[in-house]
file run.cif (mmCIF, C-alpha atoms, pLDDT in the B column; chains and numbers go by the auth columns)
data_final
loop_
_atom_site.group_PDB
_atom_site.id
_atom_site.type_symbol
_atom_site.label_atom_id
_atom_site.label_comp_id
_atom_site.label_asym_id
_atom_site.label_seq_id
_atom_site.Cartn_x
_atom_site.Cartn_y
_atom_site.Cartn_z
_atom_site.B_iso_or_equiv
_atom_site.auth_seq_id
_atom_site.auth_asym_id
ATOM 1 C CA MET A 1 1.686 15.440 -9.861 91.00 145 A
ATOM 2 C CA ASP A 2 5.298 15.920 -8.913 92.00 146 A
ATOM 3 C CA PHE A 3 6.357 17.757 -5.732 93.00 147 A
ATOM 4 C CA GLU A 4 7.084 21.075 -7.446 92.00 148 A
ATOM 5 C CA SER A 5 3.619 21.055 -9.067 93.00 149 A
ATOM 6 C CA VAL A 6 1.995 20.406 -5.686 93.00 150 A
ATOM 7 C CA LEU A 7 3.901 23.321 -4.130 92.00 151 A
ATOM 8 C CA ALA A 8 2.960 25.606 -7.032 92.00 152 A
ATOM 9 C CA MET A 9 -0.707 24.582 -6.803 92.00 153 A
ATOM 10 C CA LEU A 10 -0.939 25.059 -3.018 92.00 154 A
ATOM 11 C CA GLY A 11 1.227 28.172 -2.733 88.00 155 A
ATOM 12 C CA ASP A 12 1.231 29.447 0.836 88.00 156 A
ATOM 13 C CA ASN A 13 -1.870 27.381 1.678 90.00 157 A
ATOM 14 C CA TYR A 14 -0.008 24.089 2.204 89.00 158 A
ATOM 15 C CA ALA A 15 -0.365 23.854 6.002 89.00 159 A
ATOM 16 C CA GLY A 16 -2.716 21.074 7.109 91.00 160 A
ATOM 17 C CA VAL A 17 -3.582 19.955 3.569 94.00 161 A
ATOM 18 C CA GLN A 18 -3.765 16.147 3.390 96.00 162 A
ATOM 19 C CA LEU A 19 -1.918 14.699 0.408 97.00 163 A
ATOM 20 C CA TYR A 20 -1.257 11.153 -0.727 98.00 164 A
ATOM 21 C CA THR A 21 1.763 9.690 -2.483 98.00 165 A
ATOM 22 C CA VAL A 22 2.294 6.613 -4.577 98.00 166 A
ATOM 23 C CA GLU A 23 5.898 5.513 -4.266 98.00 167 A
ATOM 24 C CA ASN A 24 7.313 3.133 -6.866 97.00 168 A
ATOM 25 C CA ARG A 25 10.632 1.862 -5.487 97.00 169 A
ATOM 26 C CA ASP A 26 13.180 -0.361 -7.188 96.00 170 A
ATOM 27 C CA MET A 27 14.569 -2.403 -4.294 96.00 171 A
ATOM 28 C CA THR A 28 17.849 -3.166 -6.088 95.00 172 A
ATOM 29 C CA ASP A 29 19.028 0.461 -5.938 96.00 173 A
ATOM 30 C CA HIS A 30 16.187 2.149 -3.982 94.00 174 A
ATOM 31 C CA GLU A 31 15.502 4.509 -6.881 96.00 175 A
ATOM 32 C CA THR A 32 12.005 5.839 -6.167 96.00 176 A
ATOM 33 C CA THR A 33 9.417 7.585 -8.285 96.00 177 A
ATOM 34 C CA ILE A 34 6.852 9.545 -6.260 97.00 178 A
ATOM 35 C CA VAL A 35 3.526 10.846 -7.570 97.00 179 A
ATOM 36 C CA TYR A 36 1.320 13.106 -5.417 97.00 180 A
ATOM 37 C CA TYR A 37 -2.487 12.987 -5.208 97.00 181 A
ATOM 38 C CA GLN A 38 -5.166 15.005 -3.469 95.00 182 A
ATOM 39 C CA ASN A 39 -7.525 12.028 -3.244 96.00 183 A
ATOM 40 C CA LYS A 40 -6.873 8.804 -1.301 96.00 184 A
ATOM 41 C CA GLU A 41 -9.034 6.643 -3.574 96.00 185 A
ATOM 42 C CA ASP A 42 -7.194 7.783 -6.724 97.00 186 A
ATOM 43 C CA ALA A 43 -3.806 7.128 -5.122 97.00 187 A
ATOM 44 C CA ILE A 44 -4.733 3.608 -4.013 97.00 188 A
ATOM 45 C CA ALA A 45 -6.409 2.784 -7.339 96.00 189 A
ATOM 46 C CA ASP A 46 -3.277 3.868 -9.235 97.00 190 A
ATOM 47 C CA ALA A 47 -1.050 1.873 -6.859 97.00 191 A
ATOM 48 C CA GLU A 48 -3.196 -1.240 -7.420 97.00 192 A
ATOM 49 C CA LYS A 49 -3.001 -0.770 -11.214 97.00 193 A
ATOM 50 C CA LEU A 50 0.756 -0.261 -11.060 97.00 194 A
ATOM 51 C CA TRP A 51 1.265 -3.429 -8.989 97.00 195 A
ATOM 52 C CA ALA A 52 -1.000 -5.413 -11.329 96.00 196 A
ATOM 53 C CA SER A 53 1.103 -4.283 -14.301 97.00 197 A
ATOM 54 C CA PHE A 54 4.265 -5.937 -12.906 96.00 198 A
ATOM 55 C CA SER A 55 5.246 -9.465 -13.872 95.00 199 A
ATOM 56 C CA GLU A 56 5.949 -12.002 -11.122 92.00 200 A
ATOM 57 C CA ASP A 57 9.689 -11.460 -11.667 94.00 201 A
ATOM 58 C CA ASP A 58 9.343 -7.673 -11.378 94.00 202 A
ATOM 59 C CA ARG A 59 7.451 -8.051 -8.096 95.00 203 A
ATOM 60 C CA GLU A 60 10.532 -9.636 -6.551 94.00 204 A
ATOM 61 C CA TYR A 61 12.401 -6.331 -6.627 96.00 205 A
ATOM 62 C CA LYS A 62 9.693 -3.652 -6.665 97.00 206 A
ATOM 63 C CA GLU A 63 7.831 -2.029 -3.799 97.00 207 A
ATOM 64 C CA ILE A 64 4.721 0.093 -4.189 98.00 208 A
ATOM 65 C CA SER A 65 3.313 2.053 -1.272 98.00 209 A
ATOM 66 C CA VAL A 66 0.732 4.752 -0.632 98.00 210 A
ATOM 67 C CA HIS A 67 1.248 7.260 2.157 98.00 211 A
ATOM 68 C CA ARG A 68 -0.947 9.931 3.701 97.00 212 A
ATOM 69 C CA GLY A 69 0.825 13.080 4.851 96.00 213 A
ATOM 70 C CA GLU A 70 1.258 16.779 4.509 96.00 214 A
ATOM 71 C CA ILE A 71 3.836 19.324 3.457 95.00 215 A
ATOM 72 C CA GLU A 72 6.129 20.778 6.080 94.00 216 A
ATOM 73 C CA TYR A 73 8.372 23.822 5.764 92.00 217 A
ATOM 74 C CA LYS A 74 11.827 23.492 7.349 91.00 218 A
ATOM 75 C CA GLU A 75 12.903 26.997 8.382 91.00 219 A
ATOM 76 C CA GLN A 76 16.541 26.118 9.099 93.00 220 A
ATOM 77 C CA SER A 77 17.079 24.887 5.521 92.00 221 A
ATOM 78 C CA GLY A 78 14.400 26.990 3.826 90.00 222 A
ATOM 79 C CA SER A 79 12.943 23.938 2.108 92.00 223 A
ATOM 80 C CA TYR A 80 9.726 21.973 1.935 93.00 224 A
ATOM 81 C CA ARG A 81 9.276 18.244 2.464 94.00 225 A
ATOM 82 C CA PHE A 82 6.474 15.701 2.506 95.00 226 A
ATOM 83 C CA LEU A 83 5.934 14.452 6.049 94.00 227 A
ATOM 84 C CA VAL A 84 4.491 10.918 6.087 95.00 228 A
ATOM 85 C CA GLN A 85 1.783 10.326 8.677 95.00 229 A
ATOM 86 C CA GLN A 86 0.370 6.937 7.691 96.00 230 A
ATOM 87 C CA LYS A 87 0.998 4.074 5.294 96.00 231 A
ATOM 88 C CA LEU A 88 -2.235 3.116 3.544 97.00 232 A
ATOM 89 C CA TYR A 89 -1.059 0.469 1.050 97.00 233 A
ATOM 90 C CA LYS A 90 2.030 -1.681 0.672 97.00 234 A
ATOM 91 C CA ALA A 91 3.009 -4.207 -1.948 97.00 235 A
ATOM 92 C CA TYR A 92 6.413 -5.877 -1.851 96.00 236 A
ATOM 93 C CA LYS A 93 6.457 -9.379 -3.327 96.00 237 A
ATOM 94 C CA LYS A 94 2.810 -9.600 -2.156 96.00 238 A
ATOM 95 C CA VAL A 95 0.075 -7.115 -1.300 97.00 239 A
ATOM 96 C CA TYR A 96 -0.169 -6.412 2.428 97.00 240 A
ATOM 97 C CA VAL A 97 -3.743 -6.501 3.727 97.00 241 A
ATOM 98 C CA CYS A 98 -5.435 -5.977 7.081 96.00 242 A
ATOM 99 C CA GLU A 99 -6.245 -8.921 9.320 95.00 243 A
ATOM 100 C CA ASP A 100 -10.019 -8.582 8.824 95.00 244 A
ATOM 101 C CA PHE A 101 -9.636 -8.962 5.061 97.00 245 A
ATOM 102 C CA ALA A 102 -7.267 -11.924 5.536 97.00 246 A
ATOM 103 C CA LYS A 103 -9.767 -13.774 7.734 97.00 247 A
ATOM 104 C CA ALA A 104 -12.686 -13.050 5.390 96.00 248 A
ATOM 105 C CA PHE A 105 -10.700 -14.110 2.306 97.00 249 A
ATOM 106 C CA LYS A 106 -9.627 -17.412 3.877 97.00 250 A
ATOM 107 C CA GLU A 107 -13.182 -18.154 5.032 97.00 251 A
ATOM 108 C CA LYS A 108 -14.570 -17.420 1.567 96.00 252 A
ATOM 109 C CA GLN A 109 -11.961 -19.666 -0.056 96.00 253 A
ATOM 110 C CA LYS A 110 -12.596 -22.436 2.488 96.00 254 A
ATOM 111 C CA THR A 111 -16.350 -22.322 1.748 96.00 255 A
ATOM 112 C CA GLN A 112 -15.651 -22.484 -1.977 96.00 256 A
ATOM 113 C CA HIS A 113 -13.298 -25.466 -1.577 95.00 257 A
ATOM 114 C CA LEU A 114 -15.807 -27.298 0.634 95.00 258 A
ATOM 115 C CA ALA A 115 -18.420 -26.801 -2.103 95.00 259 A
ATOM 116 C CA GLU A 116 -15.963 -28.368 -4.552 94.00 260 A
ATOM 117 C CA GLY A 117 -15.900 -31.500 -2.402 94.00 261 A
ATOM 118 C CA MET A 118 -12.719 -31.078 -0.356 93.00 262 A
ATOM 119 C CA SER A 119 -12.610 -32.243 3.236 93.00 263 A
ATOM 120 C CA GLU A 120 -12.610 -29.596 5.993 93.00 264 A
ATOM 121 C CA LYS A 121 -8.875 -30.051 6.598 94.00 265 A
ATOM 122 C CA GLU A 122 -8.019 -29.892 2.876 95.00 266 A
ATOM 123 C CA ALA A 123 -10.235 -26.831 2.361 95.00 267 A
ATOM 124 C CA ILE A 124 -8.572 -24.931 5.207 96.00 268 A
ATOM 125 C CA ALA A 125 -5.097 -25.800 3.931 96.00 269 A
ATOM 126 C CA GLN A 126 -5.966 -24.799 0.361 96.00 270 A
ATOM 127 C CA ALA A 127 -7.548 -21.523 1.547 97.00 271 A
ATOM 128 C CA LYS A 128 -4.302 -20.668 3.360 97.00 272 A
ATOM 129 C CA LYS A 129 -2.313 -21.460 0.202 97.00 273 A
ATOM 130 C CA ASP A 130 -4.661 -19.322 -1.905 97.00 274 A
ATOM 131 C CA PHE A 131 -4.162 -16.413 0.496 97.00 275 A
ATOM 132 C CA SER A 132 -0.391 -16.682 0.786 96.00 276 A
ATOM 133 C CA ALA A 133 0.020 -16.883 -2.995 94.00 277 A
ATOM 134 C CA ARG A 134 -1.300 -13.298 -3.323 94.00 278 A
ATOM 135 C CA TYR A 135 -1.290 -11.567 0.050 97.00 279 A
ATOM 136 C CA ALA A 136 0.560 -11.019 3.302 97.00 280 A
ATOM 137 C CA THR A 137 -1.079 -9.873 6.526 96.00 281 A
ATOM 138 C CA GLN A 138 -0.028 -6.583 8.086 94.00 282 A
ATOM 139 C CA PRO A 139 -0.454 -7.098 11.833 92.00 283 A
ATOM 140 C CA VAL A 140 -2.392 -4.499 13.805 89.00 284 A
ATOM 141 C CA ILE A 141 -0.030 -1.847 15.122 90.00 285 A
ATOM 142 C CA LYS A 142 -1.135 0.840 17.562 89.00 286 A
ATOM 143 C CA PHE A 143 1.464 3.520 16.713 90.00 287 A
ATOM 144 C CA GLY A 144 3.711 4.654 13.904 88.00 288 A
ATOM 145 C CA MET A 145 3.226 4.606 10.173 89.00 289 A
ATOM 146 C CA PHE A 146 1.175 1.378 10.123 91.00 290 A
ATOM 147 C CA ALA A 147 -1.247 2.477 12.866 92.00 291 A
ATOM 148 C CA GLY A 148 -4.764 2.197 11.491 91.00 292 A
ATOM 149 C CA PHE A 149 -3.670 0.241 8.395 94.00 293 A
ATOM 150 C CA ASP A 150 -6.902 -1.084 6.917 93.00 294 A
ATOM 151 C CA TYR A 151 -6.180 -1.915 3.295 96.00 295 A
ATOM 152 C CA ALA A 152 -8.524 -4.445 1.761 95.00 296 A
ATOM 153 C CA PRO A 153 -8.772 -4.789 -2.017 93.00 297 A
ATOM 154 C CA ASN A 154 -12.124 -4.567 -3.751 82.00 298 A
ATOM 155 C CA GLU A 155 -12.598 -8.122 -4.969 68.00 299 A
#
call {"tool": "encode", "arguments": {"input": "run.cif", "output": "structure tokens"}}
result
Amino acid sequence: MDFESVLAMLGDNYAGVQLYTVENRDMTDHETTIVYYQNKEDAIADAEKLWASFSEDDREYKEISVHRGEIEYKEQSGSYRFLVQQKLYKAYKKVYVCEDFAKAFKEKQKTQHLAEGMSEKEAIAQAKKDFSARYATQPVIKFGMFAGFDYAPNE
């Protein structure tokens, strides 16, 4: 849904309603397409599909993010805006994941490489390469938009 459709659907009952956005940003000119959702899972699933549809070259200048927030009315200007409260998903060149997922992914890859006959040192190095080819770790932050970031893809 676009913003006007969300406002029309909610009417005067917008206060406190949690909404989710998928933002598709072209980093060369910062042109952004925003789609609104009522369901977190649908927003993240669509963001994952959108990111997967980009070629490696396109990923160099695209950013996809999912935000949780709500609509706010600004009395002084008489307008509505989407107020972001939390970033739930980010993909820019790579998909940003939580530290727990990063550790689990590397351990899984290490185990797989050990089973293939690599030495412990080689398996650890290859697991790190496997991770960094697809993902980046979002460090734990206690405040701001990334507070509580816990994205982990369903693999």
call {"tool": "closest_residue", "arguments": {"input": "run.cif", "among": "A:Phe287, A:Tyr181, A:Phe226, A:Phe275", "to": "Lys247 in chain A", "atoms": "all atoms listed in the file"}}
result
A:Phe275
call {"tool": "closest_residue", "arguments": {"input": "run.cif", "among": "A:Ala235, A:Val150, A:Ala271, A:Cys242", "to": "Ile188 in chain A", "atoms": "all atoms listed in the file"}}
result
A:Ala235
call {"tool": "resolve_selection", "arguments": {"input": "run.cif", "expression": "the PyMOL selection byres ((chain A and resi 177) around 6)", "output": "number ranges by chain"}}
result
A: 167-168, 176, 178
call {"tool": "resolve_selection", "arguments": {"input": "run.cif", "expression": "the PyMOL selection byres ((chain A and resi 272) around 10)", "output": "PDB file with C-alpha atoms, in the coordinates of the input"}}
result
ATOM      1  CA  ALA A 246      -7.267 -11.924   5.536  1.00 97.00           C
ATOM      2  CA  LYS A 247      -9.767 -13.774   7.734  1.00 97.00           C
ATOM      3  CA  PHE A 249     -10.700 -14.110   2.306  1.00 97.00           C
ATOM      4  CA  LYS A 250      -9.627 -17.412   3.877  1.00 97.00           C
ATOM      5  CA  GLU A 251     -13.182 -18.154   5.032  1.00 97.00           C
ATOM      6  CA  GLN A 253     -11.961 -19.666  -0.056  1.00 96.00           C
ATOM      7  CA  LYS A 254     -12.596 -22.436   2.488  1.00 96.00           C
ATOM      8  CA  GLU A 266      -8.019 -29.892   2.876  1.00 95.00           C
ATOM      9  CA  ALA A 267     -10.235 -26.831   2.361  1.00 95.00           C
ATOM     10  CA  ILE A 268      -8.572 -24.931   5.207  1.00 96.00           C
ATOM     11  CA  ALA A 269      -5.097 -25.800   3.931  1.00 96.00           C
ATOM     12  CA  GLN A 270      -5.966 -24.799   0.361  1.00 96.00           C
ATOM     13  CA  ALA A 271      -7.548 -21.523   1.547  1.00 97.00           C
ATOM     14  CA  LYS A 273      -2.313 -21.460   0.202  1.00 97.00           C
ATOM     15  CA  ASP A 274      -4.661 -19.322  -1.905  1.00 97.00           C
ATOM     16  CA  PHE A 275      -4.162 -16.413   0.496  1.00 97.00           C
ATOM     17  CA  SER A 276      -0.391 -16.682   0.786  1.00 96.00           C
ATOM     18  CA  ALA A 277       0.020 -16.883  -2.995  1.00 94.00           C
TER      19      ALA A 277
END
call {"tool": "resolve_selection", "arguments": {"input": "run.cif", "expression": "the PyMOL selection byres ((chain A and resi 214) around 7)", "output": "list in words"}}
result
Gly160, Val161, Gln162, Leu163, Gly213, Ile215, Glu216, Phe226, Leu227 and Val228 of chain A
call {"tool": "residues_around", "arguments": {"input": "run.cif", "residues": "Arg212 in chain A", "least_positions_apart": "4", "cutoff": "8 Å", "atoms": "only C-alpha atoms", "output": "list in words"}}
result
Gln162, Leu163, Tyr164, Thr165, Lys184, Val228, Gln229, Gln230, Lys231 and Leu232 of chain A
call {"tool": "write_last_selection", "arguments": {"input": "run.cif", "atoms": "C-alpha atoms", "output": "JSON list (two decimals), keeping the file's coordinate frame"}}
result
[["chain", "number", "residue", "atom", "x", "y", "z"],
["A", 162, "GLN", "CA", -3.76, 16.15, 3.39],
["A", 163, "LEU", "CA", -1.92, 14.70, 0.41],
["A", 164, "TYR", "CA", -1.26, 11.15, -0.73],
["A", 165, "THR", "CA", 1.76, 9.69, -2.48],
["A", 184, "LYS", "CA", -6.87, 8.80, -1.30],
["A", 228, "VAL", "CA", 4.49, 10.92, 6.09],
["A", 229, "GLN", "CA", 1.78, 10.33, 8.68],
["A", 230, "GLN", "CA", 0.37, 6.94, 7.69],
["A", 231, "LYS", "CA", 1.00, 4.07, 5.29],
["A", 232, "LEU", "CA", -2.24, 3.12, 3.54]]
call {"tool": "atom_distance", "arguments": {"input": "run.cif", "atom1": "CA of Ile285 in chain A", "atom2": "CA of Glu207 in chain A"}}
result
20.5 Å
call {"tool": "closest_residue", "arguments": {"input": "run.cif", "among": "A:Arg278, A:Lys206, A:Lys193, A:Lys265", "to": "Arg169 in chain A", "atoms": "all atoms listed in the file"}}
result
A:Lys206
call {"tool": "atom_distance", "arguments": {"input": "run.cif", "atom1": "CA of Arg203 in chain A", "atom2": "CA of Glu148 in chain A"}}
result
29.1 Å
call {"tool": "atom_distance", "arguments": {"input": "run.cif", "atom1": "CA of His211 in chain A", "atom2": "CA of Val179 in chain A"}}
result
10.6 Å
